[in-house]
$ cat work_19.cif   # mmCIF, C-alpha atoms and all ligand atoms
data_protein
loop_
_atom_site.label_atom_id
_atom_site.label_comp_id
_atom_site.auth_asym_id
_atom_site.auth_seq_id
_atom_site.Cartn_x
_atom_site.Cartn_y
_atom_site.Cartn_z
CA MET A 1 19.80 57.18 -30.07
CA SER A 2 19.89 56.76 -33.81
CA TRP A 3 22.42 53.90 -33.66
CA PHE A 4 19.67 51.73 -32.18
CA ILE A 5 17.35 52.27 -35.11
CA ARG A 6 17.56 49.80 -37.93
CA LYS A 7 17.98 51.75 -41.13
CA GLU A 8 18.04 48.90 -43.62
CA LYS A 9 14.77 47.19 -44.31
CA GLY A 10 14.28 43.51 -45.13
CA ILE A 11 17.08 42.07 -43.04
CA SER A 12 14.76 40.50 -40.49
CA THR A 13 13.73 36.93 -41.27
CA PRO A 14 10.03 36.19 -41.55
CA THR A 15 8.88 33.60 -39.00
CA GLU A 16 8.18 30.90 -41.57
CA MET A 17 11.76 31.18 -42.86
CA LYS A 18 13.36 30.73 -39.44
CA ARG A 19 15.17 27.47 -39.07
CA GLU A 20 14.45 25.83 -35.80
CA ALA A 21 15.15 22.36 -34.48
CA PRO A 22 12.32 20.07 -35.57
CA ASP A 23 9.83 19.12 -32.89
CA GLY A 24 10.61 16.00 -30.96
CA LEU A 25 14.38 16.15 -31.41
CA TRP A 26 15.04 17.23 -27.84
CA TYR A 27 13.69 16.01 -24.55
CA GLN A 28 13.53 18.20 -21.47
CA CYS A 29 13.56 16.34 -18.18
CA PRO A 30 10.60 17.49 -16.05
CA ASN A 31 12.64 16.84 -12.90
CA CYS A 32 16.04 18.53 -13.44
CA LYS A 33 14.94 20.61 -16.48
CA LYS A 34 18.08 19.62 -18.37
CA ILE A 35 17.96 18.80 -22.04
CA MET A 36 18.99 15.69 -23.92
CA GLN A 37 18.40 14.27 -27.36
CA THR A 38 15.15 12.33 -27.73
CA LYS A 39 17.13 9.52 -29.38
CA GLU A 40 19.57 9.32 -26.45
CA HIS A 41 16.68 9.44 -24.00
CA LYS A 42 15.01 6.50 -25.74
CA MET A 43 18.27 4.53 -25.79
CA ASN A 44 18.52 5.22 -22.07
CA ALA A 45 15.18 3.40 -21.59
CA TYR A 46 13.45 6.79 -21.16
CA THR A 47 15.48 7.77 -18.10
CA CYS A 48 17.29 11.10 -17.66
CA GLU A 49 21.05 10.89 -18.18
CA HIS A 50 21.56 13.73 -15.68
CA CYS A 51 19.32 12.88 -12.72
CA ASN A 52 18.02 9.38 -13.62
CA TYR A 53 14.39 10.54 -13.58
CA HIS A 54 12.26 7.71 -14.98
CA GLU A 55 9.85 9.19 -17.53
CA LYS A 56 6.33 7.77 -17.26
CA VAL A 57 6.03 5.50 -20.28
CA GLY A 58 3.41 2.98 -21.37
CA SER A 59 3.07 -0.48 -22.86
CA GLU A 60 4.62 0.45 -26.20
CA ALA A 61 7.90 1.47 -24.54
CA TYR A 62 8.00 -1.42 -22.05
CA PHE A 63 7.32 -4.00 -24.75
CA GLU A 64 10.11 -2.52 -26.81
CA ILE A 65 12.49 -2.54 -23.84
CA LEU A 66 11.68 -6.10 -22.74
CA PHE A 67 10.76 -8.23 -25.76
CA ASP A 68 13.71 -9.30 -27.93
CA HIS A 69 13.72 -7.19 -31.14
CA ASN A 70 10.31 -5.83 -30.05
CA GLU A 71 8.72 -9.06 -31.32
CA PHE A 72 5.63 -10.25 -29.47
CA THR A 73 2.13 -11.55 -30.05
CA GLU A 74 -0.53 -9.36 -28.52
CA LEU A 75 -3.39 -11.10 -26.70
CA ASP A 76 -7.03 -9.92 -26.84
CA ALA A 77 -6.01 -6.72 -28.62
CA ASP A 78 -9.60 -5.88 -29.57
CA LEU A 79 -11.33 -6.26 -26.23
CA THR A 80 -13.18 -3.02 -25.47
CA SER A 81 -15.34 -1.70 -22.70
CA ALA A 82 -19.14 -1.94 -22.38
CA ASP A 83 -21.20 0.45 -20.27
CA PRO A 84 -22.97 -1.83 -17.76
CA LEU A 85 -24.20 1.02 -15.53
CA ASN A 86 -25.16 3.61 -18.17
CA PHE A 87 -22.72 5.84 -16.36
CA LYS A 88 -22.54 9.54 -16.97
CA ASP A 89 -20.41 12.20 -15.27
CA THR A 90 -19.41 15.27 -17.26
CA LYS A 91 -19.54 12.95 -20.27
CA ALA A 92 -21.33 9.67 -20.96
CA TYR A 93 -18.92 6.77 -20.31
CA PRO A 94 -19.04 5.39 -23.90
CA ASP A 95 -18.22 8.88 -25.21
CA ARG A 96 -15.30 9.14 -22.80
CA ILE A 97 -14.02 5.74 -23.95
CA ARG A 98 -14.33 6.69 -27.62
CA ALA A 99 -12.57 10.03 -27.08
CA THR A 100 -9.75 8.37 -25.11
CA MET A 101 -9.30 5.71 -27.79
CA ALA A 102 -8.99 8.39 -30.46
CA LYS A 103 -6.53 10.40 -28.37
CA THR A 104 -4.28 7.54 -27.28
CA GLY A 105 -4.67 4.94 -30.03
CA LEU A 106 -5.26 2.39 -27.25
CA LYS A 107 -8.31 0.20 -26.65
CA ASP A 108 -8.11 0.23 -22.84
CA ALA A 109 -5.68 0.73 -19.95
CA VAL A 110 -3.73 -2.51 -20.30
CA ARG A 111 -2.04 -4.41 -23.13
CA THR A 112 -0.98 -8.02 -22.86
CA GLY A 113 1.32 -10.13 -24.98
CA HIS A 114 3.77 -12.99 -25.08
CA GLY A 115 7.19 -13.29 -26.64
CA LYS A 116 10.85 -13.81 -25.75
CA MET A 117 12.92 -11.87 -23.26
CA ASN A 118 16.61 -12.74 -23.62
CA ASP A 119 15.41 -16.00 -25.26
CA LEU A 120 13.16 -16.79 -22.31
CA ASN A 121 9.43 -17.24 -22.96
CA ILE A 122 7.40 -14.67 -21.02
CA VAL A 123 3.88 -13.26 -20.81
CA ILE A 124 3.71 -9.53 -20.04
CA ALA A 125 0.73 -7.35 -19.10
CA CYS A 126 1.47 -3.63 -19.04
CA MET A 127 -0.83 -0.81 -17.99
CA ASP A 128 -1.20 2.50 -19.83
CA PHE A 129 -1.75 5.44 -17.50
CA ASN A 130 -2.90 7.80 -20.25
CA PHE A 131 -6.04 5.72 -20.73
CA ILE A 132 -8.36 7.20 -18.03
CA GLY A 133 -5.59 7.25 -15.42
CA GLY A 134 -4.67 3.61 -15.95
CA SER A 135 -7.91 2.76 -14.20
CA MET A 136 -8.89 -0.87 -13.71
CA GLY A 137 -12.25 -1.67 -15.24
CA SER A 138 -13.71 -4.91 -16.59
CA VAL A 139 -11.51 -4.91 -19.70
CA VAL A 140 -8.31 -4.47 -17.68
CA GLY A 141 -9.32 -7.27 -15.29
CA GLU A 142 -10.40 -9.59 -18.08
CA LYS A 143 -7.27 -9.05 -20.18
CA ILE A 144 -5.03 -9.70 -17.17
CA ALA A 145 -7.06 -12.82 -16.26
CA ARG A 146 -6.74 -14.13 -19.83
CA ALA A 147 -3.00 -13.37 -19.94
CA ILE A 148 -2.62 -15.41 -16.73
CA ASP A 149 -4.63 -18.23 -18.39
CA TYR A 150 -2.19 -18.14 -21.28
CA ALA A 151 0.79 -18.27 -18.87
CA LEU A 152 -0.81 -21.22 -17.06
CA LYS A 153 -1.59 -23.16 -20.21
CA ASN A 154 1.84 -22.64 -21.71
CA LYS A 155 3.78 -22.76 -18.43
CA GLN A 156 5.40 -19.41 -19.01
CA PRO A 157 6.35 -16.84 -16.34
CA PHE A 158 4.08 -13.82 -15.97
CA LEU A 159 5.18 -10.20 -15.55
CA MET A 160 2.68 -7.49 -14.59
CA ILE A 161 3.69 -3.84 -15.02
CA SER A 162 1.31 -1.59 -13.08
CA ARG A 163 0.79 2.15 -13.38
CA SER A 164 -2.65 3.04 -12.14
CA GLY A 165 -4.84 5.36 -10.14
CA GLY A 166 -6.93 2.38 -9.04
CA ALA A 167 -10.40 1.12 -9.87
CA ARG A 168 -12.44 2.77 -12.66
CA MET A 169 -15.26 4.68 -11.00
CA MET A 170 -17.43 4.56 -14.13
CA GLU A 171 -17.79 0.81 -13.63
CA ALA A 172 -18.13 0.96 -9.82
CA GLY A 173 -18.73 -2.55 -8.43
CA PHE A 174 -17.69 -4.19 -11.70
CA SER A 175 -14.22 -2.68 -11.24
CA LEU A 176 -13.95 -4.02 -7.72
CA MET A 177 -14.80 -7.53 -8.94
CA GLN A 178 -11.65 -7.44 -11.07
CA MET A 179 -9.58 -7.46 -7.88
CA ALA A 180 -11.06 -10.81 -6.85
CA LYS A 181 -10.92 -12.24 -10.36
CA THR A 182 -7.25 -11.42 -11.00
CA SER A 183 -6.25 -12.53 -7.49
CA ALA A 184 -7.98 -15.89 -7.97
CA LYS A 185 -6.20 -16.41 -11.30
CA LEU A 186 -2.86 -15.56 -9.68
CA ALA A 187 -3.55 -18.16 -7.00
CA LEU A 188 -3.88 -20.78 -9.75
CA LEU A 189 -0.57 -19.62 -11.22
CA SER A 190 1.04 -19.97 -7.82
CA GLU A 191 -0.39 -23.47 -7.32
CA ALA A 192 1.07 -24.48 -10.67
CA GLY A 193 4.48 -23.20 -9.53
CA ILE A 194 4.76 -20.66 -12.33
CA PRO A 195 6.68 -17.48 -11.43
CA TYR A 196 4.85 -14.16 -11.18
CA VAL A 197 6.80 -10.90 -10.94
CA SER A 198 4.97 -7.63 -10.28
CA LEU A 199 6.66 -4.39 -11.29
CA LEU A 200 5.17 -1.28 -9.72
CA THR A 201 5.82 1.99 -11.55
CA ASP A 202 4.94 5.60 -10.82
CA PRO A 203 2.14 5.73 -9.62
CA THR A 204 0.58 2.46 -8.43
CA THR A 205 -2.34 3.09 -6.10
CA GLY A 206 -5.86 2.09 -5.06
CA GLY A 207 -7.45 -1.21 -6.02
CA VAL A 208 -4.47 -2.19 -8.15
CA THR A 209 -2.11 -2.01 -5.16
CA ALA A 210 -4.75 -3.82 -3.14
CA SER A 211 -4.85 -6.76 -5.57
CA TYR A 212 -2.54 -8.06 -8.30
CA ALA A 213 0.26 -5.48 -7.94
CA MET A 214 1.19 -6.74 -4.46
CA LEU A 215 0.72 -10.49 -5.10
CA GLY A 216 3.96 -11.22 -6.95
CA ASP A 217 6.44 -13.91 -5.96
CA PHE A 218 8.58 -10.80 -6.25
CA ASN A 219 7.17 -7.30 -5.95
CA ILE A 220 9.64 -4.85 -7.43
CA SER A 221 9.55 -1.18 -8.36
CA GLU A 222 11.18 1.57 -10.34
CA PRO A 223 13.09 4.24 -8.34
CA GLU A 224 11.03 6.96 -6.63
CA ALA A 225 7.70 5.53 -7.81
CA LEU A 226 4.67 6.54 -5.77
CA ILE A 227 3.19 3.40 -4.23
CA GLY A 228 0.21 3.46 -1.94
CA PHE A 229 -3.43 2.63 -1.42
CA ALA A 230 -5.19 5.84 -0.38
CA GLY A 231 -3.70 9.28 -0.97
CA PRO A 232 -1.63 10.96 1.80
CA ARG A 233 -4.31 13.59 2.57
CA VAL A 234 -6.95 10.96 3.30
CA ILE A 235 -4.56 9.01 5.53
CA ARG A 236 -3.46 12.13 7.40
CA GLU A 237 -7.06 13.08 8.12
CA THR A 238 -7.96 9.54 9.18
CA ILE A 239 -5.10 8.96 11.62
CA GLY A 240 -4.85 12.61 12.65
CA LYS A 241 -1.04 12.61 12.47
CA ASP A 242 1.58 14.03 10.14
CA LEU A 243 3.09 11.50 7.80
CA PRO A 244 6.83 10.71 7.69
CA LYS A 245 9.05 12.21 4.98
CA GLY A 246 9.13 10.27 1.72
CA PHE A 247 5.95 8.42 2.69
CA GLN A 248 4.67 6.25 -0.19
CA SER A 249 7.89 6.50 -2.23
CA ALA A 250 9.28 3.20 -3.53
CA GLU A 251 12.34 3.64 -1.25
CA PHE A 252 10.16 4.11 1.85
CA VAL A 253 7.96 1.16 0.90
CA LEU A 254 11.06 -1.01 0.33
CA GLU A 255 12.49 -0.08 3.74
CA HIS A 256 9.20 -1.10 5.36
CA GLY A 257 9.18 -4.50 3.75
CA PHE A 258 6.53 -4.21 1.05
CA LEU A 259 8.96 -4.47 -1.88
CA ASP A 260 11.73 -6.94 -2.67
CA PHE A 261 13.96 -4.56 -4.58
CA ILE A 262 14.05 -1.42 -6.71
CA VAL A 263 15.32 -1.73 -10.25
CA ASP A 264 16.66 0.92 -12.60
CA ARG A 265 14.77 0.67 -15.91
CA LYS A 266 18.05 0.41 -17.82
CA ASP A 267 18.82 -2.85 -15.97
CA LEU A 268 15.23 -4.13 -15.99
CA LYS A 269 15.49 -6.68 -18.80
CA ASP A 270 18.67 -8.36 -17.54
CA LYS A 271 17.63 -8.34 -13.87
CA LEU A 272 14.24 -9.83 -14.69
CA THR A 273 15.88 -12.51 -16.82
CA SER A 274 18.26 -13.63 -14.07
CA LEU A 275 15.51 -13.45 -11.45
CA ILE A 276 13.13 -15.61 -13.48
CA LYS A 277 15.89 -18.11 -14.32
CA MET A 278 16.62 -18.37 -10.61
CA ILE A 279 13.03 -19.05 -9.51
CA GLN A 280 11.73 -21.02 -12.48
ZN ZN A 301 16.71 14.92 -15.20
#
$ encode --input "work_19.cif" --output "structure tokens" --more "lines below"
Ligand SMILES: [Zn+2]
Amino acid sequence: MSWFIRKEKGISTPTEMKREAPDGLWYQCPNCKKIMQTKEHKMNAYTCEHCNYHEKVGSEAYFEILFDHNEFTELDADLTSADPLNFKDTKAYPDRIRATMAKTGLKDAVRTGHGKMNDLNIVIACMDFNFIGGSMGSVVGEKIARAIDYALKNKQPFLMISRSGGARMMEAGFSLMQMAKTSAKLALLSEAGIPYVSLLTDPTTGGVTASYAMLGDFNISEPEALIGFAGPRVIRETIGKDLPKGFQSAEFVLEHGFLDFIVDRKDLKDKLTSLIKMIQ
């Protein structure tokens, strides 16, 4: 089999000389596994051009999509978490916070800001799931409450973008208090006749669903987002019955009257603008 043996030496390329596409140039959709350019994917509002899968993105992407020219003023950017319970699981809570900050570059699981959306003044609060599962602790509750205060004072509509696993267990009861606090603030907004739109993205669960995420004048969602309170296993064991197909998907929740409509992220900015103009 001598024709299989390479006689000449030095014609193989050392690894460091191999030219490969630079990292980050291509995006592979986790749903359909097809490939597209990262640039195209971003221009498509981080949705797949093949199957329309909505990539899970955070406040940086949503602010860029919604605020005109990505110009906005961030509110309470430096608010960070205390450790009221001296909580420790596998790590002490302050260590977990510090490590997460270093990893994500974020201060907590929500960012708030105000700016213009298609020339319309708007206040937006957007959750970041990669900060401890988008969990709602005191900082999240306080920043949302203060963003609502800003909306009230300046008579500007408020948009909440939720993506969360629920309350932050490391703050236990303090997390649960945020549900009451944000709900009370939203009641003031409602009394003042200022529009509140809640956008639920994948996933929105637990205490967040049970408070501000479901209190919008309009509750809307991205396609195929998981929306629920408790997880399906817990519900199945509690009611002792199998759950229907597609249970807790945005489409199922819409059909059962908990959502007003589902919006494709590519149309989000324009749909929100016309909706707010209509109800303002
Ligand atoms: Zn896809």
$ residues_near_ligand --input "work_19.cif" --ligand "ligand ZN 301 (chain A)" --cutoff "8 Å" --atoms "only C-alpha atoms and all ligand atoms" --output "ChimeraX atom specification"
/A:28-35,47-53
$ axis_aligned_box --input "work_19.cif" --around "region 252-258 of chain A" --padding-each-side "6 Å" --output "lines of an AutoDock Vina configuration file"
center_x = 9.5
center_y = -0.2
center_z = 2.8
size_x = 18.0
size_y = 20.6
size_z = 17.0
$ residues_near_point --input "work_19.cif" --point "(-6.0, -10.4, -10.6)" --cutoff "9 Å" --atoms "all atoms listed in the file" --output "PDB file with C-alpha atoms, keeping the file's coordinate frame"
ATOM      1  CA  GLY A 141      -9.320  -7.270 -15.290  1.00  0.00           C
ATOM      2  CA  GLU A 142     -10.400  -9.590 -18.080  1.00  0.00           C
ATOM      3  CA  ILE A 144      -5.030  -9.700 -17.170  1.00  0.00           C
ATOM      4  CA  ALA A 145      -7.060 -12.820 -16.260  1.00  0.00           C
ATOM      5  CA  ILE A 148      -2.620 -15.410 -16.730  1.00  0.00           C
ATOM      6  CA  GLN A 178     -11.650  -7.440 -11.070  1.00  0.00           C
ATOM      7  CA  MET A 179      -9.580  -7.460  -7.880  1.00  0.00           C
ATOM      8  CA  ALA A 180     -11.060 -10.810  -6.850  1.00  0.00           C
ATOM      9  CA  LYS A 181     -10.920 -12.240 -10.360  1.00  0.00           C
ATOM     10  CA  THR A 182      -7.250 -11.420 -11.000  1.00  0.00           C
ATOM     11  CA  SER A 183      -6.250 -12.530  -7.490  1.00  0.00           C
ATOM     12  CA  ALA A 184      -7.980 -15.890  -7.970  1.00  0.00           C
ATOM     13  CA  LYS A 185      -6.200 -16.410 -11.300  1.00  0.00           C
ATOM     14  CA  LEU A 186      -2.860 -15.560  -9.680  1.00  0.00           C
ATOM     15  CA  ALA A 187      -3.550 -18.160  -7.000  1.00  0.00           C
ATOM     16  CA  VAL A 208      -4.470  -2.190  -8.150  1.00  0.00           C
ATOM     17  CA  SER A 211      -4.850  -6.760  -5.570  1.00  0.00           C
ATOM     18  CA  TYR A 212      -2.540  -8.060  -8.300  1.00  0.00           C
ATOM     19  CA  ALA A 213       0.260  -5.480  -7.940  1.00  0.00           C
ATOM     20  CA  LEU A 215       0.720 -10.490  -5.100  1.00  0.00           C
TER      21      LEU A 215
END
$ residues_around --input "work_19.cif" --residues "Phe87 (chain A)" --least-positions-apart "3" --cutoff "8 Å" --atoms "all atoms listed in the file" --output "list in words"
Asp83, Pro84, Ala92, Tyr93, Met170 and Glu171 of chain A
$ closest_residue --input "work_19.cif" --among "A:Arg168, A:Lys241, A:Lys155, A:Arg146" --to "Asp108 (chain A)" --atoms "all atoms listed in the file"
A:Arg168
$ atom_distance --input "work_19.cif" --atom1 "CA of Ser135 (chain A)" --atom2 "CA of Thr38 (chain A)"
28.4 Å
$ closest_residue --input "work_19.cif" --among "A:Lys266, A:Lys56, A:Arg98, A:Lys88" --to "Arg163 (chain A)" --atoms "all atoms listed in the file"
A:Lys56
$ residues_around --input "work_19.cif" --residues "Pro232 (chain A)" --least-positions-apart "2" --cutoff "9 Å" --atoms "all atoms listed in the file" --output "mmCIF file with C-alpha atoms, in the frame of the given file"
data_model
loop_
_atom_site.group_PDB
_atom_site.id
_atom_site.type_symbol
_atom_site.label_atom_id
_atom_site.label_comp_id
_atom_site.auth_asym_id
_atom_site.auth_seq_id
_atom_site.Cartn_x
_atom_site.Cartn_y
_atom_site.Cartn_z
ATOM 1 C CA GLY A 228 0.210 3.460 -1.940
ATOM 2 C CA ALA A 230 -5.190 5.840 -0.380
ATOM 3 C CA VAL A 234 -6.950 10.960 3.300
ATOM 4 C CA ILE A 235 -4.560 9.010 5.530
ATOM 5 C CA ARG A 236 -3.460 12.130 7.400
ATOM 6 C CA GLU A 237 -7.060 13.080 8.120
ATOM 7 C CA LEU A 243 3.090 11.500 7.800
ATOM 8 C CA PHE A 247 5.950 8.420 2.690
ATOM 9 C CA GLN A 248 4.670 6.250 -0.190
#
$ residues_near_point --input "work_19.cif" --point "(-9.7, -4.3, -22.7)" --cutoff "9 Å" --atoms "all atoms listed in the file" --output "PyMOL selection string"
chain A and resi 76-81+107-111+137-143
$ closest_atom_pairs --input "work_19.cif" --of "region 99-217 of chain A" --to "region 63-70 of chain A" --cutoff "10 Å" --atoms "only C-alpha atoms" --output "CSV"
residue,atom,partner,partner_atom,distance
A:Arg111,CA,A:Phe63,CA,9.5
A:Thr112,CA,A:Phe63,CA,9.4
A:Gly113,CA,A:Phe63,CA,8.6
A:His114,CA,A:Phe67,CA,8.5
A:Gly115,CA,A:Phe67,CA,6.3
A:Lys116,CA,A:Phe67,CA,5.6
A:Met117,CA,A:Phe67,CA,4.9
A:Asn118,CA,A:Asp68,CA,6.2
A:Asp119,CA,A:Asp68,CA,7.4
A:Leu120,CA,A:Asp68,CA,9.4
A:Asn121,CA,A:Phe67,CA,9.5
A:Ile122,CA,A:Phe67,CA,8.7
A:Val123,CA,A:Phe67,CA,9.9
A:Ile124,CA,A:Phe63,CA,8.1
A:Ala125,CA,A:Phe63,CA,9.3
A:Cys126,CA,A:Phe63,CA,8.2
$ atom_distance --input "work_19.cif" --atom1 "CA of Pro94 (chain A)" --atom2 "CA of Phe174 (chain A)"
15.6 Å
$ closest_residue --input "work_19.cif" --among "A:Val263, A:Gly246, A:Gly58, A:Tyr150" --to "Ser162 (chain A)" --atoms "only C-alpha atoms"
A:Gly58
$ atom_distance --input "work_19.cif" --atom1 "CA of Phe129 (chain A)" --atom2 "CA of Asp242 (chain A)"
29.1 Å
$ closest_residue --input "work_19.cif" --among "A:Arg265, A:Lys245, A:Lys91, A:Lys153" --to "Pro223 (chain A)" --atoms "only C-alpha atoms"
A:Arg265
$ closest_residue --input "work_19.cif" --among "A:Thr73, A:Ser164, A:Asn154, A:Asn44" --to "Ala61 (chain A)" --atoms "all atoms listed in the file"
A:Asn44
$ residues_around --input "work_19.cif" --residues "Lys271 (chain A)" --least-positions-apart "2" --cutoff "12 Å" --atoms "only C-alpha atoms" --output "PyMOL selection string"
chain A and resi 66+117-118+197+199+220+261-269+273-278
$ residues_around --input "work_19.cif" --residues "Leu226 (chain A)" --least-positions-apart "3" --cutoff "6 Å" --atoms "all atoms listed in the file" --output "PyMOL selection string"
chain A and resi 202-203+248-249
$ closest_residue --input "work_19.cif" --among "A:Asp95, A:Glu40, A:Glu224, A:Met101" --to "Phe252 (chain A)" --atoms "all atoms listed in the file"
A:Glu224
$ build_atoms --input "work_19.cif" --residues "region 202-210 of chain A" --atoms "all heavy atoms" --output "PDB file, keeping the file's coordinate frame"
ATOM      1  N   ASP A 202       5.493   4.361 -11.379  1.00  0.00           N
ATOM      2  CA  ASP A 202       4.940   5.600 -10.820  1.00  0.00           C
ATOM      3  C   ASP A 202       3.687   6.066 -11.566  1.00  0.00           C
ATOM      4  O   ASP A 202       3.783   6.368 -12.749  1.00  0.00           O
ATOM      5  CB  ASP A 202       6.017   6.679 -10.895  1.00  0.00           C
ATOM      6  CG  ASP A 202       5.583   7.965 -10.227  1.00  0.00           C
ATOM      7  OD1 ASP A 202       4.960   7.878  -9.151  1.00  0.00           O
ATOM      8  OD2 ASP A 202       5.843   9.049 -10.777  1.00  0.00           O
ATOM      9  N   PRO A 203       2.524   6.161 -10.963  1.00  0.00           N
ATOM     10  CA  PRO A 203       2.140   5.730  -9.620  1.00  0.00           C
ATOM     11  C   PRO A 203       1.386   4.397  -9.650  1.00  0.00           C
ATOM     12  O   PRO A 203       0.769   4.062 -10.662  1.00  0.00           O
ATOM     13  CB  PRO A 203       1.164   6.846  -9.212  1.00  0.00           C
ATOM     14  CG  PRO A 203       0.470   7.183 -10.512  1.00  0.00           C
ATOM     15  CD  PRO A 203       1.453   6.923 -11.628  1.00  0.00           C
ATOM     16  N   THR A 204       1.420   3.661  -8.560  1.00  0.00           N
ATOM     17  CA  THR A 204       0.580   2.460  -8.430  1.00  0.00           C
ATOM     18  C   THR A 204      -0.213   2.609  -7.128  1.00  0.00           C
ATOM     19  O   THR A 204       0.356   2.609  -6.043  1.00  0.00           O
ATOM     20  CB  THR A 204       1.442   1.182  -8.416  1.00  0.00           C
ATOM     21  OG1 THR A 204       2.169   1.104  -9.641  1.00  0.00           O
ATOM     22  CG2 THR A 204       0.577  -0.062  -8.283  1.00  0.00           C
ATOM     23  N   THR A 205      -1.525   2.788  -7.279  1.00  0.00           N
ATOM     24  CA  THR A 205      -2.340   3.090  -6.100  1.00  0.00           C
ATOM     25  C   THR A 205      -3.703   2.384  -6.159  1.00  0.00           C
ATOM     26  O   THR A 205      -4.035   1.745  -7.149  1.00  0.00           O
ATOM     27  CB  THR A 205      -2.616   4.614  -5.998  1.00  0.00           C
ATOM     28  OG1 THR A 205      -3.300   5.020  -7.174  1.00  0.00           O
ATOM     29  CG2 THR A 205      -1.348   5.415  -5.839  1.00  0.00           C
ATOM     30  N   GLY A 206      -4.469   2.548  -5.113  1.00  0.00           N
ATOM     31  CA  GLY A 206      -5.860   2.090  -5.060  1.00  0.00           C
ATOM     32  C   GLY A 206      -6.012   0.588  -5.204  1.00  0.00           C
ATOM     33  O   GLY A 206      -5.175  -0.197  -4.740  1.00  0.00           O
ATOM     34  N   GLY A 207      -7.095   0.205  -5.879  1.00  0.00           N
ATOM     35  CA  GLY A 207      -7.450  -1.210  -6.020  1.00  0.00           C
ATOM     36  C   GLY A 207      -6.389  -2.054  -6.706  1.00  0.00           C
ATOM     37  O   GLY A 207      -6.353  -3.272  -6.522  1.00  0.00           O
ATOM     38  N   VAL A 208      -5.534  -1.436  -7.485  1.00  0.00           N
ATOM     39  CA  VAL A 208      -4.470  -2.190  -8.150  1.00  0.00           C
ATOM     40  C   VAL A 208      -3.409  -2.608  -7.121  1.00  0.00           C
ATOM     41  O   VAL A 208      -2.976  -3.763  -7.081  1.00  0.00           O
ATOM     42  CB  VAL A 208      -3.853  -1.363  -9.308  1.00  0.00           C
ATOM     43  CG1 VAL A 208      -2.602  -2.013  -9.860  1.00  0.00           C
ATOM     44  CG2 VAL A 208      -4.889  -1.206 -10.419  1.00  0.00           C
ATOM     45  N   THR A 209      -3.027  -1.666  -6.240  1.00  0.00           N
ATOM     46  CA  THR A 209      -2.110  -2.010  -5.160  1.00  0.00           C
ATOM     47  C   THR A 209      -2.754  -3.060  -4.244  1.00  0.00           C
ATOM     48  O   THR A 209      -2.065  -3.941  -3.723  1.00  0.00           O
ATOM     49  CB  THR A 209      -1.791  -0.778  -4.274  1.00  0.00           C
ATOM     50  OG1 THR A 209      -1.541   0.323  -5.116  1.00  0.00           O
ATOM     51  CG2 THR A 209      -0.594  -1.023  -3.384  1.00  0.00           C
ATOM     52  N   ALA A 210      -4.061  -2.929  -4.066  1.00  0.00           N
ATOM     53  CA  ALA A 210      -4.750  -3.820  -3.140  1.00  0.00           C
ATOM     54  C   ALA A 210      -5.046  -5.186  -3.744  1.00  0.00           C
ATOM     55  O   ALA A 210      -5.649  -6.035  -3.096  1.00  0.00           O
ATOM     56  CB  ALA A 210      -6.053  -3.179  -2.671  1.00  0.00           C
TER      57      ALA A 210
END
